[in-house]
>>> print(open('protein.cif').read())   # mmCIF, C-alpha atoms and all ligand atoms
data_upload
loop_
_atom_site.label_atom_id
_atom_site.label_comp_id
_atom_site.auth_asym_id
_atom_site.auth_seq_id
_atom_site.Cartn_x
_atom_site.Cartn_y
_atom_site.Cartn_z
CA GLY A 1 -27.97 31.46 45.70
CA SER A 2 -27.80 27.71 45.92
CA THR A 3 -25.72 25.42 43.74
CA ILE A 4 -26.99 22.33 41.97
CA GLY A 5 -24.39 19.72 41.08
CA ILE A 6 -24.83 17.82 37.81
CA LEU A 7 -23.08 14.50 37.15
CA GLY A 8 -22.35 14.12 33.44
CA GLY A 9 -21.33 16.57 30.74
CA GLY A 10 -23.68 16.02 27.79
CA GLN A 11 -26.50 18.02 26.24
CA LEU A 12 -29.00 16.91 28.88
CA GLY A 13 -26.79 18.51 31.55
CA ARG A 14 -26.47 21.59 29.40
CA MET A 15 -30.25 22.00 29.17
CA LEU A 16 -30.59 21.32 32.91
CA ALA A 17 -28.01 24.04 33.64
CA VAL A 18 -29.94 26.54 31.51
CA ALA A 19 -33.18 25.71 33.37
CA ALA A 20 -31.41 25.98 36.74
CA ALA A 21 -29.98 29.40 35.85
CA GLN A 22 -33.48 30.62 34.95
CA LEU A 23 -34.63 29.66 38.45
CA GLY A 24 -31.71 31.46 40.07
CA TYR A 25 -29.44 28.49 40.77
CA ARG A 26 -25.78 28.10 39.97
CA THR A 27 -24.65 24.78 38.52
CA HIS A 28 -21.48 22.80 39.00
CA VAL A 29 -20.84 20.08 36.41
CA TYR A 30 -18.75 17.03 37.34
CA ALA A 31 -17.74 14.95 34.32
CA PRO A 32 -14.70 12.93 33.31
CA ASP A 33 -15.11 13.85 29.61
CA ARG A 34 -12.61 16.35 28.27
CA GLU A 35 -15.24 17.86 26.01
CA SER A 36 -18.24 18.75 28.20
CA VAL A 37 -20.99 20.73 26.50
CA ALA A 38 -22.73 21.06 29.87
CA ALA A 39 -19.64 22.72 31.37
CA GLN A 40 -19.82 25.40 28.66
CA VAL A 41 -22.90 26.88 30.34
CA ALA A 42 -22.29 25.94 34.00
CA ALA A 43 -20.84 28.23 36.65
CA GLN A 44 -18.24 25.64 37.67
CA HIS A 45 -16.75 22.50 36.20
CA SER A 46 -14.77 19.63 37.68
CA GLN A 47 -13.15 17.43 35.08
CA ALA A 48 -12.21 14.33 37.05
CA ALA A 49 -12.71 10.57 37.12
CA TRP A 50 -15.81 9.00 38.70
CA ASP A 51 -13.65 7.36 41.38
CA ASP A 52 -11.57 10.41 42.35
CA GLU A 53 -12.77 10.63 45.96
CA PRO A 54 -10.98 13.86 46.98
CA ARG A 55 -12.43 15.67 43.93
CA LEU A 56 -15.87 14.15 44.55
CA ALA A 57 -15.77 15.28 48.18
CA ALA A 58 -14.82 18.83 47.15
CA PHE A 59 -17.64 18.82 44.59
CA ALA A 60 -20.15 17.63 47.21
CA VAL A 61 -19.13 20.43 49.59
CA ALA A 62 -19.65 23.00 46.83
CA CYS A 63 -23.21 21.78 46.05
CA ASP A 64 -26.51 21.99 47.94
CA VAL A 65 -27.95 19.04 46.04
CA VAL A 66 -26.54 16.75 43.35
CA THR A 67 -28.38 15.27 40.36
CA LEU A 68 -27.37 13.48 37.17
CA GLU A 69 -27.85 13.61 33.44
CA PHE A 70 -26.20 10.25 32.67
CA GLU A 71 -27.49 6.94 34.04
CA ASN A 72 -24.17 5.12 33.82
CA VAL A 73 -22.51 7.10 36.60
CA PRO A 74 -21.06 4.29 38.76
CA VAL A 75 -23.34 3.44 41.67
CA ASP A 76 -20.31 3.60 43.99
CA THR A 77 -19.83 7.26 42.99
CA LEU A 78 -23.43 8.01 43.95
CA ARG A 79 -23.08 6.14 47.24
CA PHE A 80 -19.90 8.06 48.07
CA LEU A 81 -21.53 11.41 47.28
CA SER A 82 -24.64 10.46 49.28
CA GLY A 83 -22.47 10.43 52.40
CA HIS A 84 -21.79 14.15 51.88
CA VAL A 85 -24.79 15.72 50.11
CA ALA A 86 -28.36 14.91 49.02
CA VAL A 87 -28.29 13.02 45.68
CA ARG A 88 -31.54 12.99 43.68
CA PRO A 89 -32.47 10.57 42.20
CA GLY A 90 -30.62 8.13 44.45
CA ALA A 91 -28.41 5.09 43.92
CA ALA A 92 -31.30 2.58 44.07
CA ALA A 93 -32.87 3.90 40.85
CA LEU A 94 -29.54 3.88 39.02
CA GLU A 95 -28.65 0.42 40.17
CA ILE A 96 -31.80 -0.94 38.51
CA ALA A 97 -31.74 1.23 35.39
CA GLN A 98 -28.09 0.35 34.61
CA ASP A 99 -28.89 -3.35 34.36
CA ARG A 100 -31.47 -4.44 31.76
CA LEU A 101 -32.10 -7.74 33.57
CA ALA A 102 -32.62 -6.14 36.98
CA GLU A 103 -34.84 -3.53 35.34
CA LYS A 104 -37.11 -6.03 33.58
CA ARG A 105 -37.35 -8.22 36.70
CA PHE A 106 -38.16 -5.18 38.84
CA VAL A 107 -40.92 -3.98 36.50
CA ALA A 108 -42.36 -7.48 36.04
CA GLY A 109 -42.36 -7.79 39.84
CA LEU A 110 -44.50 -4.66 40.07
CA GLY A 111 -47.02 -6.20 37.66
CA GLY A 112 -45.74 -4.53 34.48
CA ARG A 113 -45.93 -6.12 31.03
CA THR A 114 -42.53 -6.68 29.39
CA ALA A 115 -41.28 -8.59 26.36
CA PRO A 116 -40.51 -12.23 27.24
CA PHE A 117 -36.88 -12.23 28.37
CA ALA A 118 -34.10 -14.50 29.62
CA ALA A 119 -30.63 -13.99 31.07
CA VAL A 120 -27.74 -14.80 28.69
CA PRO A 121 -24.58 -14.81 30.81
CA ASP A 122 -22.69 -16.93 28.25
CA ARG A 123 -22.95 -18.48 24.77
CA ALA A 124 -24.57 -21.72 25.99
CA ALA A 125 -27.31 -19.75 27.75
CA LEU A 126 -28.18 -18.08 24.45
CA ASP A 127 -29.25 -21.44 22.95
CA ALA A 128 -31.40 -22.19 25.99
CA ALA A 129 -32.92 -18.70 25.90
CA LEU A 130 -33.70 -19.03 22.19
CA ALA A 131 -35.35 -22.39 22.76
CA GLY A 132 -37.63 -20.77 25.34
CA ILE A 133 -38.37 -17.47 23.65
CA GLY A 134 -38.09 -18.32 19.96
CA ALA A 135 -37.20 -16.07 17.03
CA PRO A 136 -37.35 -13.27 16.09
CA ALA A 137 -35.60 -11.91 19.15
CA ILE A 138 -33.17 -9.19 20.24
CA LEU A 139 -29.96 -9.79 22.15
CA LYS A 140 -28.85 -6.78 24.25
CA THR A 141 -25.86 -6.30 26.51
CA VAL A 142 -27.09 -6.09 30.10
CA ARG A 143 -25.08 -2.93 30.75
CA MET A 144 -24.01 0.26 28.96
CA GLY A 145 -26.07 0.16 25.74
CA TYR A 146 -27.64 3.31 24.30
CA ASP A 147 -28.97 4.47 20.92
CA GLY A 148 -29.32 0.81 19.90
CA LYS A 149 -25.60 0.08 20.50
CA GLY A 150 -24.80 -3.29 22.05
CA GLN A 151 -27.79 -4.96 20.38
CA ALA A 152 -28.20 -7.62 17.71
CA ARG A 153 -31.38 -8.90 16.12
CA LEU A 154 -31.92 -12.61 15.50
CA ALA A 155 -34.29 -13.60 12.70
CA ALA A 156 -33.69 -17.29 13.39
CA ALA A 157 -31.83 -19.53 15.85
CA SER A 158 -29.07 -19.89 13.25
CA ASP A 159 -28.15 -16.22 13.89
CA ALA A 160 -27.01 -17.04 17.44
CA ASP A 161 -23.26 -17.13 16.80
CA ALA A 162 -23.27 -13.93 14.77
CA ALA A 163 -25.40 -12.11 17.37
CA TRP A 164 -23.23 -13.26 20.28
CA ASP A 165 -20.10 -12.00 18.46
CA ALA A 166 -21.82 -8.76 17.39
CA ILE A 167 -22.50 -7.72 20.99
CA GLY A 168 -18.91 -8.47 21.99
CA ARG A 169 -19.77 -11.65 24.01
CA HIS A 170 -20.78 -9.55 27.01
CA PRO A 171 -23.37 -10.72 29.56
CA ALA A 172 -26.69 -10.14 27.85
CA ILE A 173 -30.46 -10.42 27.90
CA LEU A 174 -32.50 -12.04 25.14
CA GLU A 175 -35.86 -10.41 24.49
CA GLY A 176 -38.67 -11.66 22.31
CA PHE A 177 -39.32 -9.29 19.42
CA VAL A 178 -42.40 -7.24 20.28
CA ALA A 179 -44.80 -6.70 17.38
CA PHE A 180 -45.72 -3.13 18.18
CA ASP A 181 -47.86 -0.54 16.41
CA HIS A 182 -46.01 2.47 17.83
CA GLU A 183 -43.46 3.52 20.43
CA PHE A 184 -44.19 6.14 23.06
CA SER A 185 -42.76 7.40 26.32
CA VAL A 186 -44.08 8.46 29.70
CA ILE A 187 -42.16 11.38 31.15
CA LEU A 188 -42.94 11.70 34.83
CA VAL A 189 -41.62 14.07 37.49
CA ARG A 190 -41.87 13.35 41.21
CA GLY A 191 -41.20 15.89 43.94
CA THR A 192 -39.62 15.50 47.37
CA ASP A 193 -43.17 15.40 48.83
CA GLY A 194 -44.11 12.43 46.61
CA GLU A 195 -46.35 14.40 44.26
CA ALA A 196 -46.03 13.07 40.69
CA ARG A 197 -46.97 14.77 37.43
CA VAL A 198 -46.75 13.57 33.83
CA TRP A 199 -46.57 15.22 30.43
CA ASP A 200 -48.66 14.01 27.50
CA SER A 201 -46.98 11.03 25.87
CA PRO A 202 -45.37 11.70 22.49
CA LEU A 203 -45.15 9.23 19.63
CA ASN A 204 -41.46 8.33 19.24
CA VAL A 205 -40.02 7.31 15.88
CA HIS A 206 -36.59 5.65 15.80
CA GLN A 207 -34.19 5.28 12.86
CA ASP A 208 -31.30 2.83 13.14
CA GLY A 209 -32.01 2.45 16.87
CA ILE A 210 -31.74 6.21 17.49
CA LEU A 211 -34.66 8.49 18.34
CA ALA A 212 -35.39 10.55 15.21
CA ALA A 213 -38.57 12.41 16.15
CA SER A 214 -41.18 12.85 18.89
CA THR A 215 -44.62 14.19 17.96
CA LEU A 216 -47.89 15.18 19.62
CA PRO A 217 -50.74 14.45 19.46
CA PRO A 218 -49.90 10.74 19.23
CA PRO A 219 -52.09 8.22 17.36
CA PRO A 220 -55.27 6.99 19.15
CA ILE A 221 -53.73 3.68 20.32
CA VAL A 222 -51.05 5.62 22.23
CA ARG A 223 -53.60 7.96 23.75
CA ASP A 224 -55.64 4.91 24.82
CA GLN A 225 -52.63 3.16 26.39
CA GLN A 226 -50.90 6.06 28.09
CA ALA A 227 -53.06 5.83 31.24
CA GLU A 228 -51.93 2.26 31.97
CA ALA A 229 -48.32 3.14 31.16
CA ARG A 230 -48.49 6.18 33.45
CA ALA A 231 -49.88 4.09 36.30
CA MET A 232 -46.92 1.72 35.82
CA MET A 233 -44.38 4.55 35.93
CA GLU A 234 -46.05 5.98 39.06
CA ARG A 235 -45.72 2.59 40.78
CA ILE A 236 -42.04 2.44 39.77
CA ALA A 237 -41.35 5.98 41.00
CA GLU A 238 -43.08 5.30 44.30
CA ALA A 239 -41.29 1.98 44.84
CA LEU A 240 -37.94 3.77 44.35
CA ASP A 241 -38.97 6.86 46.37
CA TYR A 242 -37.79 8.65 43.25
CA VAL A 243 -37.16 12.41 43.06
CA GLY A 244 -36.81 14.14 39.68
CA VAL A 245 -37.76 13.24 36.10
CA LEU A 246 -38.16 9.53 35.33
CA THR A 247 -38.85 8.34 31.78
CA GLY A 248 -40.39 5.07 30.65
CA GLU A 249 -40.23 3.80 27.06
CA PHE A 250 -43.20 1.71 25.92
CA PHE A 251 -44.46 -0.22 22.90
CA ALA A 252 -48.15 0.18 22.06
CA THR A 253 -49.36 -3.32 21.16
CA ALA A 254 -52.62 -5.19 20.64
CA ASP A 255 -52.18 -6.55 24.20
CA GLY A 256 -51.67 -3.12 25.79
CA PRO A 257 -48.56 -1.11 26.64
CA VAL A 258 -45.33 -3.13 26.90
CA PHE A 259 -42.54 -1.63 29.05
CA ASN A 260 -39.21 -1.51 27.17
CA GLU A 261 -36.80 0.39 29.43
CA MET A 262 -36.53 3.36 31.73
CA ALA A 263 -34.15 6.27 32.05
CA PRO A 264 -33.61 7.78 35.54
CA ARG A 265 -33.27 11.26 34.06
CA VAL A 266 -34.62 13.79 31.61
CA HIS A 267 -35.05 12.21 28.18
CA ASN A 268 -34.64 13.05 24.50
CA SER A 269 -38.34 12.33 23.91
CA GLY A 270 -39.11 15.15 26.37
CA HIS A 271 -37.17 17.91 24.59
CA TRP A 272 -40.43 19.15 23.03
CA THR A 273 -41.52 20.28 26.52
CA ILE A 274 -39.07 23.23 26.39
CA GLU A 275 -41.33 25.18 24.04
CA GLY A 276 -44.36 22.85 23.93
CA ALA A 277 -45.33 22.60 27.61
CA VAL A 278 -46.03 25.20 30.29
CA THR A 279 -43.12 23.80 32.31
CA SER A 280 -40.32 21.86 30.62
CA GLN A 281 -38.90 18.54 31.80
CA PHE A 282 -35.66 20.37 32.61
CA GLU A 283 -37.32 23.05 34.76
CA ASN A 284 -39.46 20.49 36.59
CA HIS A 285 -36.44 18.28 37.22
CA ILE A 286 -34.62 21.23 38.78
CA ARG A 287 -37.73 22.14 40.78
CA ALA A 288 -38.03 18.56 42.02
CA VAL A 289 -34.42 18.08 43.10
CA ALA A 290 -34.36 21.56 44.67
CA GLY A 291 -37.49 20.76 46.69
CA LEU A 292 -39.62 23.41 44.98
CA PRO A 293 -43.27 22.96 43.97
CA LEU A 294 -43.69 21.34 40.55
CA GLY A 295 -44.83 23.35 37.52
CA ASP A 296 -47.76 22.73 35.18
CA THR A 297 -47.05 20.00 32.59
CA ALA A 298 -49.88 20.94 30.21
CA ALA A 299 -49.20 21.19 26.45
CA PRO A 300 -51.47 24.05 25.42
CA ARG A 301 -50.59 24.27 21.72
CA LEU A 302 -50.69 21.27 19.42
CA PRO A 303 -49.32 19.90 17.18
CA VAL A 304 -45.77 19.63 18.51
CA THR A 305 -42.86 18.11 16.56
CA MET A 306 -39.32 17.57 17.85
CA ARG A 307 -36.71 16.36 15.38
CA ASN A 308 -33.18 15.36 16.31
CA LEU A 309 -30.23 16.71 14.36
CA ILE A 310 -28.02 13.63 14.04
CA GLY A 311 -24.64 13.67 12.29
CA ARG A 312 -24.80 15.61 9.02
CA ASP A 313 -28.37 16.81 9.78
CA ILE A 314 -26.52 19.67 11.44
CA ASP A 315 -25.79 21.02 7.93
CA GLY A 316 -29.48 21.96 7.83
CA VAL A 317 -29.02 24.65 10.49
CA PRO A 318 -29.10 27.62 8.05
CA ALA A 319 -32.47 26.44 6.67
CA LEU A 320 -33.82 25.88 10.18
CA LEU A 321 -32.70 29.38 11.20
CA ALA A 322 -34.57 30.75 8.18
CA ASP A 323 -37.76 28.98 9.33
CA GLY A 324 -39.50 31.51 11.60
CA ALA A 325 -41.52 28.75 13.32
CA CYS A 326 -38.52 26.60 14.24
CA HIS A 327 -37.01 26.55 17.74
CA LEU A 328 -33.42 25.50 17.15
CA HIS A 329 -31.17 23.93 19.79
CA HIS A 330 -27.50 23.53 18.87
CA TYR A 331 -25.52 21.56 21.43
CA GLY A 332 -22.18 23.15 20.56
CA LYS A 333 -20.32 19.85 20.19
CA ALA A 334 -16.92 20.26 18.57
CA GLU A 335 -16.99 17.10 16.49
CA VAL A 336 -19.57 16.02 13.89
CA ARG A 337 -19.83 12.22 13.76
CA ALA A 338 -22.36 9.94 12.05
CA GLY A 339 -25.01 8.87 14.56
CA ARG A 340 -24.09 11.60 17.07
CA LYS A 341 -26.86 13.82 18.47
CA LEU A 342 -25.74 17.39 17.73
CA GLY A 343 -28.94 19.36 18.22
CA HIS A 344 -32.71 19.29 17.87
CA ALA A 345 -35.47 21.43 16.42
CA THR A 346 -39.02 21.93 17.70
CA TRP A 347 -42.20 23.26 16.09
CA VAL A 348 -45.22 24.16 18.25
CA GLY A 349 -48.72 24.85 16.94
CA THR A 350 -47.65 24.16 13.37
CA GLU A 351 -46.23 21.31 11.30
CA PRO A 352 -42.60 21.66 10.16
CA ALA A 353 -42.34 22.95 6.59
P1 LIG B 1 -31.93 4.36 24.13
O1 LIG B 1 -31.08 5.23 23.27
O2 LIG B 1 -33.40 4.65 24.04
O3 LIG B 1 -31.45 4.24 25.54
P2 LIG B 1 -31.17 1.59 23.92
O4 LIG B 1 -29.89 1.39 23.19
O5 LIG B 1 -31.17 1.51 25.39
O6 LIG B 1 -31.86 2.91 23.44
P3 LIG B 1 -33.64 0.08 23.49
O7 LIG B 1 -34.48 1.23 23.81
O8 LIG B 1 -33.75 -1.11 24.36
O9 LIG B 1 -32.10 0.45 23.33
O10 LIG B 1 -33.90 -0.39 21.98
C1 LIG B 1 -33.74 0.53 20.91
C2 LIG B 1 -34.92 0.35 19.95
O11 LIG B 1 -34.92 -0.98 19.43
C3 LIG B 1 -36.28 0.52 20.60
O12 LIG B 1 -36.67 1.87 20.71
C4 LIG B 1 -37.13 -0.28 19.63
O13 LIG B 1 -37.37 0.45 18.45
C5 LIG B 1 -36.25 -1.46 19.29
N1 LIG B 1 -36.46 -2.58 20.24
C6 LIG B 1 -35.82 -2.76 21.41
N2 LIG B 1 -36.25 -3.86 22.05
C7 LIG B 1 -37.20 -4.40 21.28
C8 LIG B 1 -38.05 -5.56 21.38
N3 LIG B 1 -37.96 -6.42 22.42
N4 LIG B 1 -38.94 -5.79 20.39
C9 LIG B 1 -39.02 -4.96 19.32
N5 LIG B 1 -38.26 -3.86 19.16
C10 LIG B 1 -37.35 -3.58 20.11
MG MG B 2 -31.60 2.82 26.86
MG MG B 3 -34.51 3.02 24.49
#
>>> encode(input="protein.cif", output="structure tokens", more="lines below")
Ligand code: ATP
Ligand code: MG
Ligand code: MG
Amino acid sequence: GSTIGILGGGQLGRMLAVAAAQLGYRTHVYAPDRESVAAQVAAQHSQAAWDDEPRLAAFAVACDVVTLEFENVPVDTLRFLSGHVAVRPGAAALEIAQDRLAEKRFVAGLGGRTAPFAAVPDRAALDAALAGIGAPAILKTVRMGYDGKGQARLAAASDADAAWDAIGRHPAILEGFVAFDHEFSVILVRGTDGEARVWDSPLNVHQDGILAASTLPPPPIVRDQQAEARAMMERIAEALDYVGVLTGEFFATADGPVFNEMAPRVHNSGHWTIEGAVTSQFENHIRAVAGLPLGDTAAPRLPVTMRNLIGRDIDGVPALLADGACHLHHYGKAEVRAGRKLGHATWVGTEPA
């Protein structure tokens, strides 16, 4: 059989490896992390740095195609690998998704609606940005943020010093605070032939900047706005000649869907597709990068609820195991930490008890 290489060692890689195995592929995980939950289920594992060229070259030789589960893989690593093996999605998508400024400019350039934003390379630029955008606003590091880390909210211009310190004085972007009704995502998959499919958009609820739950069906405003958001994500995927799953996060507002950010990978808000859709995001990502036909994205049984198990939520596992309607996913991470995603649970065709 063929081997699919996965860059990154987290739970997304783990679920990709399971889907790949079901389709008859072997997986080879490449991740610098000492604890890799993806490597626990992969056929092979290389634990090495992103810039270790001899190890990367050996990995490339062992794989028929390489994909990723982590969008902060250095672009240089992707470029190096691309000289040896097909890498899907490619460096262009990562380069944009790793940089919040480049991402917002790219999407605005394609006609997408974003929050008002301004570059904040230094402290002085923050005052200028605030004068233009006004408060309330959110200051975000341009690179490396996730789960709401590297962000500070400003209720008034007088919060500027505190916000600048809170994000570690890194190059940043200031965004106007979007008054949204709901958050939702578009999960799209695009094949090597350019065919794109989407799943129904879930409603996403965040707590403390971390996704807590995704549910379907979403409220009417999300259903009304998903078509425009999908069209946006299709334009983005086409412009990048993207292959694989691409996720867009949106705010549903009175003015229509507002693009927040994208992830060039499978996404937490798509975990419900494992049991809730005919073909999961993980299976369709593997199909796409392997050059296979895409599977049906329909969600035949509603309602669907996916809840994350974050930190001490994992103590609820015995109760979830006792719930005959619950599909439990335990990521097998060694360490329980507050704010860490340790598993998720999904209910299909019924509300959670
Ligand atoms: P993720 O874990 O999804 O990658 P992240 O750290 O990249 O998160 P964002 O998605 O940009 O951060 O922001 C986290 C959350 O903060 C959003 O889901 C939303 O609830 C809120 N938020 C972000 N930007 C704005 C904004 N401009 N206006 C209002 N709320 C916002
Ligand atoms: Mg993000
Ligand atoms: Mg986000």
>>> residues_near_ligand(input="protein.cif", ligand="ligand MG 3 (chain B)", cutoff="7 Å", atoms="all atoms listed in the file", output="list in words")
Tyr146, Asp147, Glu249 and Glu261 of chain A
>>> write_last_selection(input="protein.cif", atoms="C-alpha atoms", output="PDB file, in the frame of the given file")
ATOM      1  CA  TYR A 146     -27.640   3.310  24.300  1.00  0.00           C
ATOM      2  CA  ASP A 147     -28.970   4.470  20.920  1.00  0.00           C
ATOM      3  CA  GLU A 249     -40.230   3.800  27.060  1.00  0.00           C
ATOM      4  CA  GLU A 261     -36.800   0.390  29.430  1.00  0.00           C
TER       5      GLU A 261
END
>>> closest_residue(input="protein.cif", among="A:Val178, A:Ala299, A:Leu294, A:Ala131", to="ligand LIG 1 (chain B)", atoms="only C-alpha atoms and all ligand atoms")
A:Val178
>>> closest_atom_pairs(input="protein.cif", of="segment 286-310 of chain A", to="segment 83-107 of chain A", cutoff="10 Å", atoms="only C-alpha atoms", output="JSON lines")
{"residue": "A:Ala288", "atom": "CA", "partner": "A:Arg88", "partner_atom": "CA", "distance": 8.7}
{"residue": "A:Val289", "atom": "CA", "partner": "A:Arg88", "partner_atom": "CA", "distance": 5.9}
{"residue": "A:Ala290", "atom": "CA", "partner": "A:Arg88", "partner_atom": "CA", "distance": 9.1}
>>> residues_around(input="protein.cif", residues="Ile138 of chain A", least_positions_apart="4", cutoff="6 Å", atoms="only C-alpha atoms", output="list in words")
Ala152, Arg153, Leu154, Leu174 and Glu175 of chain A
>>> closest_residue(input="protein.cif", among="A:Ala57, A:Leu309, A:Ala179, A:Val142", to="ligand MG 2 (chain B)", atoms="all atoms listed in the file")
A:Val142
>>> residues_near_ligand(input="protein.cif", ligand="ligand LIG 1 (chain B)", cutoff="8 Å", atoms="all atoms listed in the file", output="ChimeraX atom specification")
/A:115-116,137-138,140,145-151,175-180,183,205-206,209-211,249,260-261,263
>>> closest_residue(input="protein.cif", among="A:Arg169, A:Arg265, A:Arg190, A:His344", to="ligand MG 2 (chain B)", atoms="all atoms listed in the file")
A:Arg265
>>> residues_around(input="protein.cif", residues="Arg26 of chain A", least_positions_apart="5", cutoff="8 Å", atoms="all atoms listed in the file", output="JSON, numbers by chain")
{"A": [1, 2, 3, 4, 17, 20, 21, 42, 43]}
>>> residues_around(input="protein.cif", residues="His329 of chain A", least_positions_apart="6", cutoff="12 Å", atoms="all atoms listed in the file", output="VMD selection string")
chain A and resid 11 to 12 14 to 15 271 to 272 274 to 275 306 to 309 314 317 320 to 321 341 to 347
>>> closest_residue(input="protein.cif", among="A:Phe80, A:Trp199, A:Phe59, A:Trp164", to="Asp296 of chain A", atoms="all atoms listed in the file")
A:Trp199
>>> closest_residue(input="protein.cif", among="A:His330, A:Arg230, A:Arg143, A:His28", to="ligand MG 2 (chain B)", atoms="only C-alpha atoms and all ligand atoms")
A:Arg143
>>> atom_distance(input="protein.cif", atom1="atom CA of Ile310 of chain A", atom2="atom CA of Gly324 of chain A")
21.4 Å
>>> atom_distance(input="protein.cif", atom1="atom CA of Gly24 of chain A", atom2="atom CA of Gly191 of chain A")
18.6 Å
>>> closest_residue(input="protein.cif", among="A:Thr77, A:Thr27, A:Asn268, A:Gln225", to="Glu53 of chain A", atoms="all atoms listed in the file")
A:Thr77
>>> atom_distance(input="protein.cif", atom1="atom CA of Ala160 of chain A", atom2="atom CA of Arg340 of chain A")
28.8 Å
>>> axis_aligned_box(input="protein.cif", around="segment 20-32 of chain A", padding_each_side="5 Å", output="lines of an AutoDock Vina configuration file")
center_x = -24.7
center_y = 22.2
center_z = 37.0
size_x = 29.9
size_y = 28.5
size_z = 17.5
>>> residues_near_point(input="protein.cif", point="(-36.5, 7.0, 30.4)", cutoff="10 Å", atoms="only C-alpha atoms", output="list in words")
Glu71, Ala97, Ser185, Val186, Ile187, Leu188, Met233, Val245, Leu246, Thr247, Gly248, Glu249, Phe250, Asn260, Glu261, Met262, Ala263, Pro264, Arg265, Val266, His267, Asn268, Ser269 and Gly270 of chain A
>>> residues_around(input="protein.cif", residues="Gly8 of chain A", least_positions_apart="3", cutoff="7 Å", atoms="all atoms listed in the file", output="VMD selection string")
chain A and resid 13 29 to 31 68 to 70
>>> residues_around(input="protein.cif", residues="Thr215 of chain A", least_positions_apart="3", cutoff="7 Å", atoms="all atoms listed in the file", output="PyMOL selection string")
chain A and resi 202-204+218+304-306
